[in-house]
file start-v4.tsv (TSV, C-alpha atoms)
chain	number	residue	atom	x	y	z
R	68	MET	CA	157.77	-3.59	22.54
R	69	THR	CA	155.03	-6.16	23.14
R	70	ALA	CA	154.40	-7.89	26.45
R	71	ALA	CA	155.91	-11.08	24.98
R	72	ASP	CA	159.06	-9.18	24.02
R	73	ALA	CA	159.30	-7.83	27.57
R	74	VAL	CA	159.00	-11.34	29.00
R	75	ALA	CA	161.75	-12.50	26.61
R	76	VAL	CA	163.95	-9.75	28.07
R	77	LEU	CA	163.21	-11.20	31.52
R	78	VAL	CA	164.38	-14.61	30.28
R	79	VAL	CA	167.73	-13.12	29.24
R	80	LEU	CA	167.93	-11.28	32.56
R	81	ALA	CA	167.30	-14.54	34.44
R	82	VAL	CA	170.08	-16.25	32.47
R	83	THR	CA	172.39	-13.35	33.37
R	84	LEU	CA	171.58	-13.56	37.08
R	85	TYR	CA	172.06	-17.32	37.04
R	86	ALA	CA	175.41	-16.92	35.31
R	87	TRP	CA	176.54	-14.43	37.98
R	88	SER	CA	175.51	-16.63	40.89
R	89	GLY	CA	174.75	-20.25	39.98
R	90	LEU	CA	177.49	-20.61	37.37
R	91	ALA	CA	180.07	-19.27	39.82
R	92	ASP	CA	178.67	-21.68	42.41
R	93	TYR	CA	179.36	-24.59	40.04
R	94	GLY	CA	182.82	-23.14	39.46
R	95	ALA	CA	183.53	-23.33	43.17
R	96	GLY	CA	182.64	-27.02	42.96
R	97	PHE	CA	185.17	-27.39	40.15
R	98	TRP	CA	187.90	-25.92	42.37
R	99	ASP	CA	186.81	-28.18	45.21
R	100	LEU	CA	187.17	-31.20	42.92
R	101	THR	CA	190.63	-30.19	41.71
R	102	ALA	CA	192.01	-28.95	45.05
R	103	GLY	CA	194.09	-32.08	45.63
R	104	GLY	CA	194.21	-34.62	48.44
R	105	ARG	CA	192.56	-34.37	51.80
R	106	GLU	CA	195.52	-32.65	53.43
R	107	GLY	CA	196.81	-30.50	50.55
R	108	GLY	CA	193.35	-29.27	49.56
R	109	GLY	CA	192.02	-28.74	53.06
R	110	ARG	CA	192.52	-24.97	53.21
R	111	VAL	CA	191.07	-24.48	49.73
R	112	ARG	CA	187.98	-26.51	50.56
R	113	SER	CA	187.56	-24.72	53.89
R	114	LEU	CA	187.41	-21.35	52.13
R	115	ILE	CA	185.00	-22.69	49.51
R	116	ASP	CA	182.75	-24.10	52.26
R	117	ALA	CA	182.80	-20.82	54.16
R	118	VAL	CA	181.88	-18.85	51.04
R	119	ILE	CA	179.22	-21.19	49.61
R	120	THR	CA	177.39	-22.37	52.73
R	121	PRO	CA	175.34	-19.20	53.47
R	122	VAL	CA	174.23	-18.60	49.87
R	123	TRP	CA	174.45	-21.82	47.86
R	124	GLU	CA	170.70	-22.52	47.74
R	125	ALA	CA	169.81	-18.89	47.04
R	126	ASN	CA	172.17	-18.85	44.05
R	127	HIS	CA	169.95	-21.30	42.18
R	128	VAL	CA	166.61	-19.58	42.65
R	129	TRP	CA	167.16	-18.06	39.20
R	130	LEU	CA	167.16	-21.47	37.53
R	131	VAL	CA	163.74	-22.22	39.00
R	132	TYR	CA	162.53	-18.78	37.97
R	133	LEU	CA	163.89	-19.30	34.45
R	134	LEU	CA	162.16	-22.67	34.04
R	135	VAL	CA	158.79	-21.43	35.34
R	136	LEU	CA	158.98	-18.27	33.25
R	137	THR	CA	159.82	-20.16	30.05
R	138	TRP	CA	157.28	-22.95	30.26
R	139	THR	CA	154.52	-20.54	31.25
R	140	ALA	CA	155.19	-17.75	28.75
R	141	PHE	CA	156.68	-19.73	25.86
R	142	GLY	CA	155.25	-23.22	26.24
R	143	THR	CA	155.75	-24.25	22.61
R	144	ALA	CA	159.47	-23.48	22.63
R	145	PHE	CA	159.86	-25.06	26.06
R	146	ALA	CA	158.17	-28.27	24.91
R	147	SER	CA	160.33	-28.44	21.78
R	148	ALA	CA	163.53	-27.96	23.77
R	149	MET	CA	162.54	-30.53	26.39
R	150	THR	CA	161.54	-33.06	23.73
R	151	THR	CA	164.77	-32.75	21.77
R	152	LEU	CA	167.29	-31.99	24.53
R	153	TYR	CA	166.01	-34.32	27.22
R	154	ILE	CA	169.33	-36.18	27.53
R	155	PRO	CA	171.56	-33.21	28.51
R	156	LEU	CA	168.76	-31.71	30.60
R	157	MET	CA	168.30	-34.97	32.55
R	158	LEU	CA	172.06	-35.18	33.05
R	159	ALA	CA	172.04	-31.57	34.27
R	160	ALA	CA	169.29	-32.45	36.76
R	161	LEU	CA	171.35	-35.45	37.90
R	162	GLY	CA	174.30	-33.14	38.42
R	163	ILE	CA	172.15	-30.76	40.49
R	164	VAL	CA	171.07	-33.64	42.74
R	165	LEU	CA	174.63	-34.97	43.09
R	166	ARG	CA	175.93	-31.53	43.91
R	167	GLY	CA	173.22	-30.60	46.41
R	168	ALA	CA	173.05	-33.91	48.29
R	169	ASN	CA	176.79	-34.40	48.53
R	170	PHE	CA	177.51	-30.81	49.55
R	171	ALA	CA	175.80	-31.71	52.83
R	172	LEU	CA	177.18	-35.24	53.08
R	173	ARG	CA	180.78	-34.17	52.53
R	174	LYS	CA	180.67	-32.37	55.88
R	175	ASP	CA	178.20	-34.47	57.86
R	176	ALA	CA	179.16	-38.06	57.01
R	177	ALA	CA	180.60	-39.82	60.05
R	178	ARG	CA	183.57	-41.44	58.30
R	179	ALA	CA	186.38	-39.66	56.46
R	180	GLY	CA	186.18	-42.05	53.49
R	181	ARG	CA	182.52	-41.30	52.95
R	182	ARG	CA	183.17	-37.58	53.22
R	183	HIS	CA	185.86	-37.95	50.55
R	184	VAL	CA	183.50	-39.81	48.19
R	185	ALA	CA	180.76	-37.25	48.81
R	186	GLY	CA	183.23	-34.47	48.03
R	187	MET	CA	184.13	-36.09	44.70
R	188	LEU	CA	180.47	-36.49	43.77
R	189	PHE	CA	179.83	-32.87	44.75
R	190	GLY	CA	182.59	-31.73	42.40
R	191	LEU	CA	181.51	-34.02	39.55
R	192	GLY	CA	177.95	-32.72	39.79
R	193	ALA	CA	179.27	-29.15	39.72
R	194	VAL	CA	181.05	-29.90	36.42
R	195	LEU	CA	178.35	-32.05	34.80
R	196	THR	CA	175.52	-29.54	35.22
R	197	PRO	CA	177.06	-26.43	33.60
R	198	PHE	CA	178.47	-28.52	30.76
R	199	CYS	CA	175.09	-30.07	29.97
R	200	LEU	CA	173.20	-26.78	30.30
R	201	GLY	CA	175.76	-25.13	28.01
R	202	ALA	CA	175.53	-27.97	25.51
R	203	ALA	CA	171.73	-27.64	25.46
R	204	LEU	CA	172.02	-23.90	24.88
R	205	GLY	CA	174.52	-24.57	22.10
R	206	GLY	CA	172.01	-26.85	20.40
R	207	ILE	CA	169.37	-24.11	20.52
R	208	ILE	CA	171.77	-21.45	19.21
R	209	ALA	CA	172.85	-23.69	16.34
R	210	GLY	CA	169.21	-24.23	15.29
R	211	ARG	CA	169.14	-27.94	16.11
R	212	VAL	CA	165.84	-27.77	18.00
R	213	PRO	CA	162.88	-27.84	15.59
R	214	PRO	CA	159.79	-25.78	16.47
R	215	GLY	CA	156.28	-27.00	16.99
R	216	ASN	CA	157.12	-29.61	19.63
R	217	ALA	CA	158.77	-31.70	16.93
R	218	ALA	CA	161.56	-33.95	18.19
R	219	GLY	CA	164.99	-33.26	16.78
R	220	ASN	CA	167.84	-35.75	16.89
R	221	GLU	CA	168.23	-36.73	20.53
R	222	VAL	CA	172.03	-37.09	20.26
R	223	THR	CA	173.37	-34.75	17.58
R	224	SER	CA	171.17	-31.92	18.85
R	225	TRP	CA	173.59	-31.47	21.77
R	226	TRP	CA	176.58	-33.72	21.03
R	227	ASN	CA	178.16	-31.72	18.23
R	228	PRO	CA	181.21	-29.43	18.08
R	229	THR	CA	179.28	-26.20	18.73
R	230	SER	CA	177.35	-27.60	21.70
R	231	ILE	CA	180.41	-29.27	23.21
R	232	LEU	CA	182.42	-26.05	22.97
R	233	VAL	CA	179.58	-23.99	24.49
R	234	GLY	CA	179.38	-26.57	27.30
R	235	LEU	CA	183.13	-26.33	27.91
R	236	LEU	CA	182.84	-22.55	27.79
R	237	ALA	CA	180.17	-22.68	30.52
R	238	VAL	CA	182.43	-24.82	32.73
R	239	ALA	CA	185.44	-22.56	32.14
R	240	MET	CA	183.48	-19.36	32.71
R	241	GLY	CA	182.06	-20.76	35.94
R	242	ALA	CA	185.55	-21.69	37.13
R	243	PHE	CA	186.84	-18.25	36.12
R	244	LEU	CA	184.05	-16.40	37.93
R	245	ALA	CA	184.46	-18.56	41.03
R	246	ALA	CA	188.22	-17.97	41.08
R	247	VAL	CA	187.70	-14.20	40.76
R	248	TYR	CA	185.12	-14.19	43.55
R	249	LEU	CA	187.39	-16.32	45.74
R	250	ILE	CA	190.32	-13.95	45.18
R	251	ALA	CA	188.23	-11.20	46.74
R	252	GLU	CA	187.03	-13.49	49.54
R	253	ALA	CA	190.56	-14.62	50.39
R	254	HIS	CA	191.68	-10.99	50.44
R	255	ARG	CA	188.76	-9.97	52.69
R	256	ARG	CA	189.55	-12.77	55.13
R	257	GLY	CA	193.28	-12.01	55.24
R	258	LEU	CA	194.47	-15.17	53.45
R	259	PRO	CA	197.23	-14.06	51.05
R	260	GLY	CA	198.28	-17.61	50.18
R	261	LEU	CA	194.80	-18.55	48.99
R	262	ARG	CA	194.45	-15.22	47.20
R	263	GLU	CA	197.54	-16.05	45.15
R	264	TYR	CA	196.29	-19.64	44.66
R	265	PHE	CA	193.03	-18.46	43.09
R	266	ARG	CA	194.71	-15.60	41.23
R	267	ARG	CA	196.80	-18.09	39.24
R	268	ARG	CA	193.76	-20.25	38.54
R	269	ALA	CA	191.70	-17.28	37.43
R	270	LEU	CA	194.37	-16.48	34.85
R	271	TRP	CA	194.56	-19.89	33.23
R	272	THR	CA	190.83	-20.52	33.28
R	273	GLY	CA	190.38	-17.09	31.69
R	274	VAL	CA	192.65	-18.18	28.86
R	275	LEU	CA	190.73	-21.44	28.48
R	276	ALA	CA	187.39	-19.61	28.41
R	277	LEU	CA	188.72	-17.33	25.66
R	278	LEU	CA	189.86	-20.30	23.58
R	279	PHE	CA	186.56	-22.14	24.05
R	280	GLY	CA	184.62	-18.98	23.13
R	281	ILE	CA	186.60	-18.48	19.93
R	282	GLY	CA	186.24	-22.16	19.11
R	283	ALA	CA	182.46	-21.99	19.65
R	284	LEU	CA	182.16	-19.02	17.27
R	285	VAL	CA	184.28	-20.76	14.61
R	286	SER	CA	182.20	-23.91	14.94
R	287	LEU	CA	178.97	-21.90	14.81
R	288	ARG	CA	180.10	-20.35	11.53
R	289	GLY	CA	180.11	-23.79	9.93
R	290	ASP	CA	177.04	-25.03	11.81
R	291	SER	CA	174.76	-22.01	11.37
R	292	PRO	CA	176.26	-19.21	9.24
R	293	GLN	CA	173.16	-17.07	9.73
R	294	MET	CA	173.44	-17.14	13.52
R	295	PHE	CA	177.18	-16.51	13.32
R	296	ASP	CA	176.55	-13.41	11.20
R	297	ARG	CA	173.99	-12.16	13.72
R	298	PHE	CA	176.48	-12.64	16.56
R	299	VAL	CA	179.23	-10.63	14.88
R	300	THR	CA	176.94	-7.90	13.48
R	301	ARG	CA	173.94	-7.39	15.78
R	302	GLY	CA	175.75	-8.63	18.87
R	303	GLY	CA	179.19	-7.44	17.86
R	304	VAL	CA	179.28	-4.40	20.16
R	305	LEU	CA	178.26	-6.46	23.16
R	306	LEU	CA	180.75	-9.19	22.26
R	307	ALA	CA	183.48	-6.58	22.09
R	308	ALA	CA	182.37	-5.03	25.38
R	309	GLY	CA	182.40	-8.44	27.06
R	310	ALA	CA	185.86	-9.18	25.69
R	311	VAL	CA	187.19	-5.82	26.92
R	312	LEU	CA	185.73	-6.20	30.42
R	313	LEU	CA	187.04	-9.74	30.76
R	314	ALA	CA	190.45	-8.62	29.45
R	315	LEU	CA	190.50	-5.88	32.10
R	316	THR	CA	189.59	-8.49	34.71
R	317	PHE	CA	192.45	-10.68	33.49
R	318	MET	CA	194.99	-7.83	33.54
R	319	ARG	CA	193.91	-6.63	36.98
R	320	ALA	CA	194.16	-10.15	38.37
R	321	ALA	CA	197.57	-10.59	36.72
R	322	ARG	CA	198.80	-7.48	38.56
R	323	GLY	CA	197.40	-8.70	41.87
R	324	GLY	CA	194.57	-6.18	42.07
R	325	VAL	CA	191.39	-6.97	43.97
R	326	ARG	CA	189.28	-3.82	44.04
R	327	GLY	CA	186.52	-3.92	41.41
R	328	LEU	CA	187.60	-7.35	40.17
R	329	ARG	CA	184.23	-9.01	40.72
R	330	LEU	CA	182.32	-6.18	39.05
R	331	LEU	CA	184.52	-6.36	35.95
R	332	ALA	CA	184.08	-10.12	35.67
R	333	ALA	CA	180.32	-9.94	36.20
R	334	GLY	CA	180.03	-7.16	33.62
R	335	GLY	CA	181.97	-9.18	31.05
R	336	VAL	CA	179.78	-12.23	31.52
R	337	ALA	CA	176.61	-10.13	31.32
R	338	ALA	CA	177.74	-8.56	28.03
R	339	LEU	CA	178.31	-12.00	26.51
R	340	VAL	CA	174.86	-13.24	27.60
R	341	TRP	CA	173.22	-10.11	26.21
R	342	ALA	CA	175.12	-10.55	22.94
R	343	TRP	CA	173.42	-13.94	22.59
R	344	GLY	CA	170.01	-12.42	23.37
R	345	VAL	CA	170.44	-9.63	20.82
R	346	ALA	CA	171.76	-12.00	18.17
R	347	GLN	CA	168.88	-14.46	18.55
R	348	TYR	CA	166.07	-11.87	18.78
R	349	PRO	CA	163.25	-12.18	17.70
R	350	TYR	CA	163.58	-15.96	17.61
R	351	LEU	CA	162.93	-18.35	20.46
R	352	LEU	CA	164.19	-21.23	18.33
R	353	PRO	CA	166.33	-20.06	15.41
R	354	PHE	CA	165.11	-19.78	12.77
R	355	GLY	CA	161.69	-21.38	12.91
R	356	LEU	CA	159.86	-19.96	15.92
R	357	THR	CA	159.64	-16.27	16.76
R	358	ILE	CA	158.69	-14.74	20.09
R	359	ALA	CA	155.34	-13.61	18.65
R	360	ASP	CA	154.50	-17.07	17.28
R	361	GLY	CA	155.68	-18.98	20.36
R	362	ALA	CA	154.20	-16.76	23.05
R	363	GLY	CA	151.23	-17.77	25.15
R	364	ALA	CA	148.06	-15.74	25.52
R	365	PRO	CA	148.56	-11.98	25.94
R	366	ILE	CA	146.95	-12.10	29.38
R	367	THR	CA	149.53	-14.70	30.41
R	368	GLN	CA	152.38	-12.43	29.35
R	369	LYS	CA	150.90	-9.52	31.31
R	370	TRP	CA	150.55	-11.65	34.42
R	371	MET	CA	154.17	-12.77	34.09
R	372	LEU	CA	155.25	-9.12	34.01
R	373	ALA	CA	153.03	-8.34	36.99
R	374	TRP	CA	154.53	-11.18	39.04
R	375	PHE	CA	158.00	-10.02	38.08
R	376	GLY	CA	157.10	-6.71	39.70
R	377	VAL	CA	156.06	-8.59	42.85
R	378	ALA	CA	159.37	-10.51	42.85
R	379	LEU	CA	161.26	-7.27	42.33
R	380	VAL	CA	159.96	-5.79	45.57
R	381	THR	CA	160.02	-8.98	47.65
R	382	LEU	CA	162.60	-11.52	46.50
R	383	VAL	CA	165.33	-9.20	45.20
R	384	PRO	CA	165.66	-7.10	48.41
R	385	ALA	CA	165.82	-10.32	50.44
R	386	LEU	CA	168.62	-11.68	48.26
R	387	ILE	CA	170.50	-8.39	48.44
R	388	LEU	CA	170.22	-8.47	52.23
R	389	LEU	CA	171.49	-12.06	52.27
R	390	TYR	CA	174.58	-11.20	50.20
R	391	VAL	CA	175.28	-8.03	52.20
R	392	LEU	CA	175.11	-9.91	55.51
R	393	ASP	CA	177.34	-12.60	54.06
R	394	GLN	CA	179.94	-10.04	52.98
R	395	ARG	CA	179.87	-8.51	56.46
R	396	GLY	CA	180.54	-11.92	57.99
R	397	GLU	CA	177.27	-11.88	59.90
R	398	LEU	CA	175.99	-15.24	58.68
R	399	GLY	CA	176.95	-18.61	60.07
R	400	GLU	CA	176.08	-21.14	62.72
R	401	ASP	CA	175.76	-19.76	66.22
R	402	PRO	CA	177.97	-21.90	68.48
R	403	LEU	CA	175.69	-21.17	71.43
R	404	THR	CA	172.75	-22.89	69.71
R	405	SER	CA	174.67	-25.74	68.11
R	406	LEU	CA	174.81	-29.25	69.54
R	407	GLU	CA	178.52	-29.16	68.72
R	408	ALA	CA	178.97	-26.54	71.44
R	409	GLY	CA	178.40	-29.17	74.14
R	410	GLU	CA	175.62	-27.46	76.06
R	411	PRO	CA	174.96	-28.87	79.54
R	412	GLY	CA	172.44	-31.66	79.43
R	413	ASP	CA	173.02	-32.64	75.81
R	414	LEU	CA	172.50	-36.23	74.78
R	415	ARG	CA	175.91	-36.98	73.33
R	416	PRO	CA	177.56	-40.10	74.77
call {"tool": "encode", "arguments": {"input": "start-v4.tsv", "output": "structure tokens"}}
result
Amino acid sequence: MTAADAVAVLVVLAVTLYAWSGLADYGAGFWDLTAGGREGGGRVRSLIDAVITPVWEANHVWLVYLLVLTWTAFGTAFASAMTTLYIPLMLAALGIVLRGANFALRKDAARAGRRHVAGMLFGLGAVLTPFCLGAALGGIIAGRVPPGNAAGNEVTSWWNPTSILVGLLAVAMGAFLAAVYLIAEAHRRGLPGLREYFRRRALWTGVLALLFGIGALVSLRGDSPQMFDRFVTRGGVLLAAGAVLLALTFMRAARGGVRGLRLLAAGGVAALVWAWGVAQYPYLLPFGLTIADGAGAPITQKWMLAWFGVALVTLVPALILLYVLDQRGELGEDPLTSLEAGEPGDLRP
């Protein structure tokens, strides 16, 4: 394995980590958007706020890492994708801004009406971003991004049946992961009503994700028969493993089980991402640009691997600590240091 191949493995790993965390984070925004009115959806949104608030910014560190890694190590492929897919990628960035800004405003705005509008924008951004990122990935998988920084069709490169179905699959998988995670959170917090609420939603979004996944494969067969063949042959074992793990997740949720549910769901999603990586290897842009042809200088690849080692011993332990403290309920605002606590001598009228 060359250094460039090793960096390509890191790209797939970054996509996996972002699917586990960021995609589920968007899924929570989907459930926030569809929770109902202010009164009926209040308990659902309260749980989502409690779960997301300590970790929501950390969940998206992998997107930044993925972007920096790709444009540094594989600049030619990155430039080609950005040139061709700038519309869905700009819409995804807009969704990130809408989601991030309005997540704060939905709680801090002074008037209830403004909080309601901010909540809607937060949910819309959480749906727009995964759809557009999925559609862009679908365009790459289907071979609609030409190599060599050549501009492909700015519309059909991502607005086609395969890309649309991959985008819908990303939204559905995010909603499914979020529902599974929230089942466990509701159980941990002693909220049986919300556990049942998210259990039902995990089941039907799991069915939708399955249908979108099958539809994407069928569409890919007509769009790019070569890539379809690579998915079902080279990536077939991983596809099957992902399907089995997600089926086990579905059955365990259907029976009301909680233990191990998140691990099964995360394993299923990882297997599907790895199936894509195996199927596309050794191409960065199927089927015109290989990893060897699109990689930067060998010294650049070696430095990327070295900095990954630095991140492994600094960033990863910090993130693990963050999630462990969150699961122990040791994160949150200290009422003794908050202005809302009404300390003597505060400046509130």
call {"tool": "closest_residue", "arguments": {"input": "start-v4.tsv", "among": "R:Tyr264, R:Phe198, R:Phe317, R:Tyr348", "to": "Gly234 of chain R", "atoms": "only C-alpha atoms"}}
result
R:Phe198
call {"tool": "closest_residue", "arguments": {"input": "start-v4.tsv", "among": "R:Ala218, R:Leu156, R:Ala338, R:Leu232", "to": "Ala276 of chain R", "atoms": "all atoms listed in the file"}}
result
R:Leu232
call {"tool": "residues_near_point", "arguments": {"input": "start-v4.tsv", "point": "(174.1, -17.0, 12.0)", "cutoff": "12 Å", "atoms": "all atoms listed in the file", "output": "number ranges by chain"}}
result
R: 208-210, 284-302, 343, 346-348, 350, 353-354
call {"tool": "residues_around", "arguments": {"input": "start-v4.tsv", "residues": "segment 375-377 of chain R", "least_positions_apart": "5", "cutoff": "12 Å", "atoms": "only C-alpha atoms", "output": "PyMOL selection string"}}
result
chain R and resi 73-74+76-78+80-81+132-133+135-136+368-370+382-384
call {"tool": "residues_around", "arguments": {"input": "start-v4.tsv", "residues": "Val336 of chain R", "least_positions_apart": "6", "cutoff": "8 Å", "atoms": "all atoms listed in the file", "output": "ChimeraX atom specification"}}
result
/R:83,86-87,309,313
call {"tool": "closest_residue", "arguments": {"input": "start-v4.tsv", "among": "R:Gly215, R:Gly201, R:Gly192, R:Gly273", "to": "Val82 of chain R", "atoms": "all atoms listed in the file"}}
result
R:Gly201
call {"tool": "closest_residue", "arguments": {"input": "start-v4.tsv", "among": "R:Leu204, R:Val128, R:Val184, R:Val111", "to": "Tyr85 of chain R", "atoms": "all atoms listed in the file"}}
result
R:Val128
call {"tool": "residues_around", "arguments": {"input": "start-v4.tsv", "residues": "Ala125 of chain R", "least_positions_apart": "4", "cutoff": "10 Å", "atoms": "only C-alpha atoms", "output": "list in words"}}
result
Ser88, Gly89, Pro121, Trp129, Leu386, Leu389 and Tyr390 of chain R
call {"tool": "write_last_selection", "arguments": {"input": "start-v4.tsv", "atoms": "C-alpha atoms", "output": "JSON list (two decimals), keeping the file's coordinate frame"}}
result
[["chain", "number", "residue", "atom", "x", "y", "z"],
["R", 88, "SER", "CA", 175.51, -16.63, 40.89],
["R", 89, "GLY", "CA", 174.75, -20.25, 39.98],
["R", 121, "PRO", "CA", 175.34, -19.20, 53.47],
["R", 129, "TRP", "CA", 167.16, -18.06, 39.20],
["R", 386, "LEU", "CA", 168.62, -11.68, 48.26],
["R", 389, "LEU", "CA", 171.49, -12.06, 52.27],
["R", 390, "TYR", "CA", 174.58, -11.20, 50.20]]
call {"tool": "atom_distance", "arguments": {"input": "start-v4.tsv", "atom1": "atom CA of Arg110 of chain R", "atom2": "atom CA of Ile387 of chain R"}}
result
28.0 Å
call {"tool": "residues_near_point", "arguments": {"input": "start-v4.tsv", "point": "(157.1, -24.3, 25.1)", "cutoff": "12 Å", "atoms": "all atoms listed in the file", "output": "PyMOL selection string"}}
result
chain R and resi 134-151+212-217+351-352+356-358+360-363
call {"tool": "atom_distance", "arguments": {"input": "start-v4.tsv", "atom1": "atom CA of Ala159 of chain R", "atom2": "atom CA of Cys199 of chain R"}}
result
5.5 Å
call {"tool": "closest_residue", "arguments": {"input": "start-v4.tsv", "among": "R:Leu235, R:Ile115, R:Leu312, R:Ala102", "to": "Gly327 of chain R", "atoms": "only C-alpha atoms"}}
result
R:Leu312
call {"tool": "atom_distance", "arguments": {"input": "start-v4.tsv", "atom1": "atom CA of Leu244 of chain R", "atom2": "atom CA of Trp98 of chain R"}}
result
11.2 Å
call {"tool": "closest_residue", "arguments": {"input": "start-v4.tsv", "among": "R:Gly260, R:Gly334, R:Gly280, R:Gly241", "to": "Gly205 of chain R", "atoms": "only C-alpha atoms"}}
result
R:Gly280
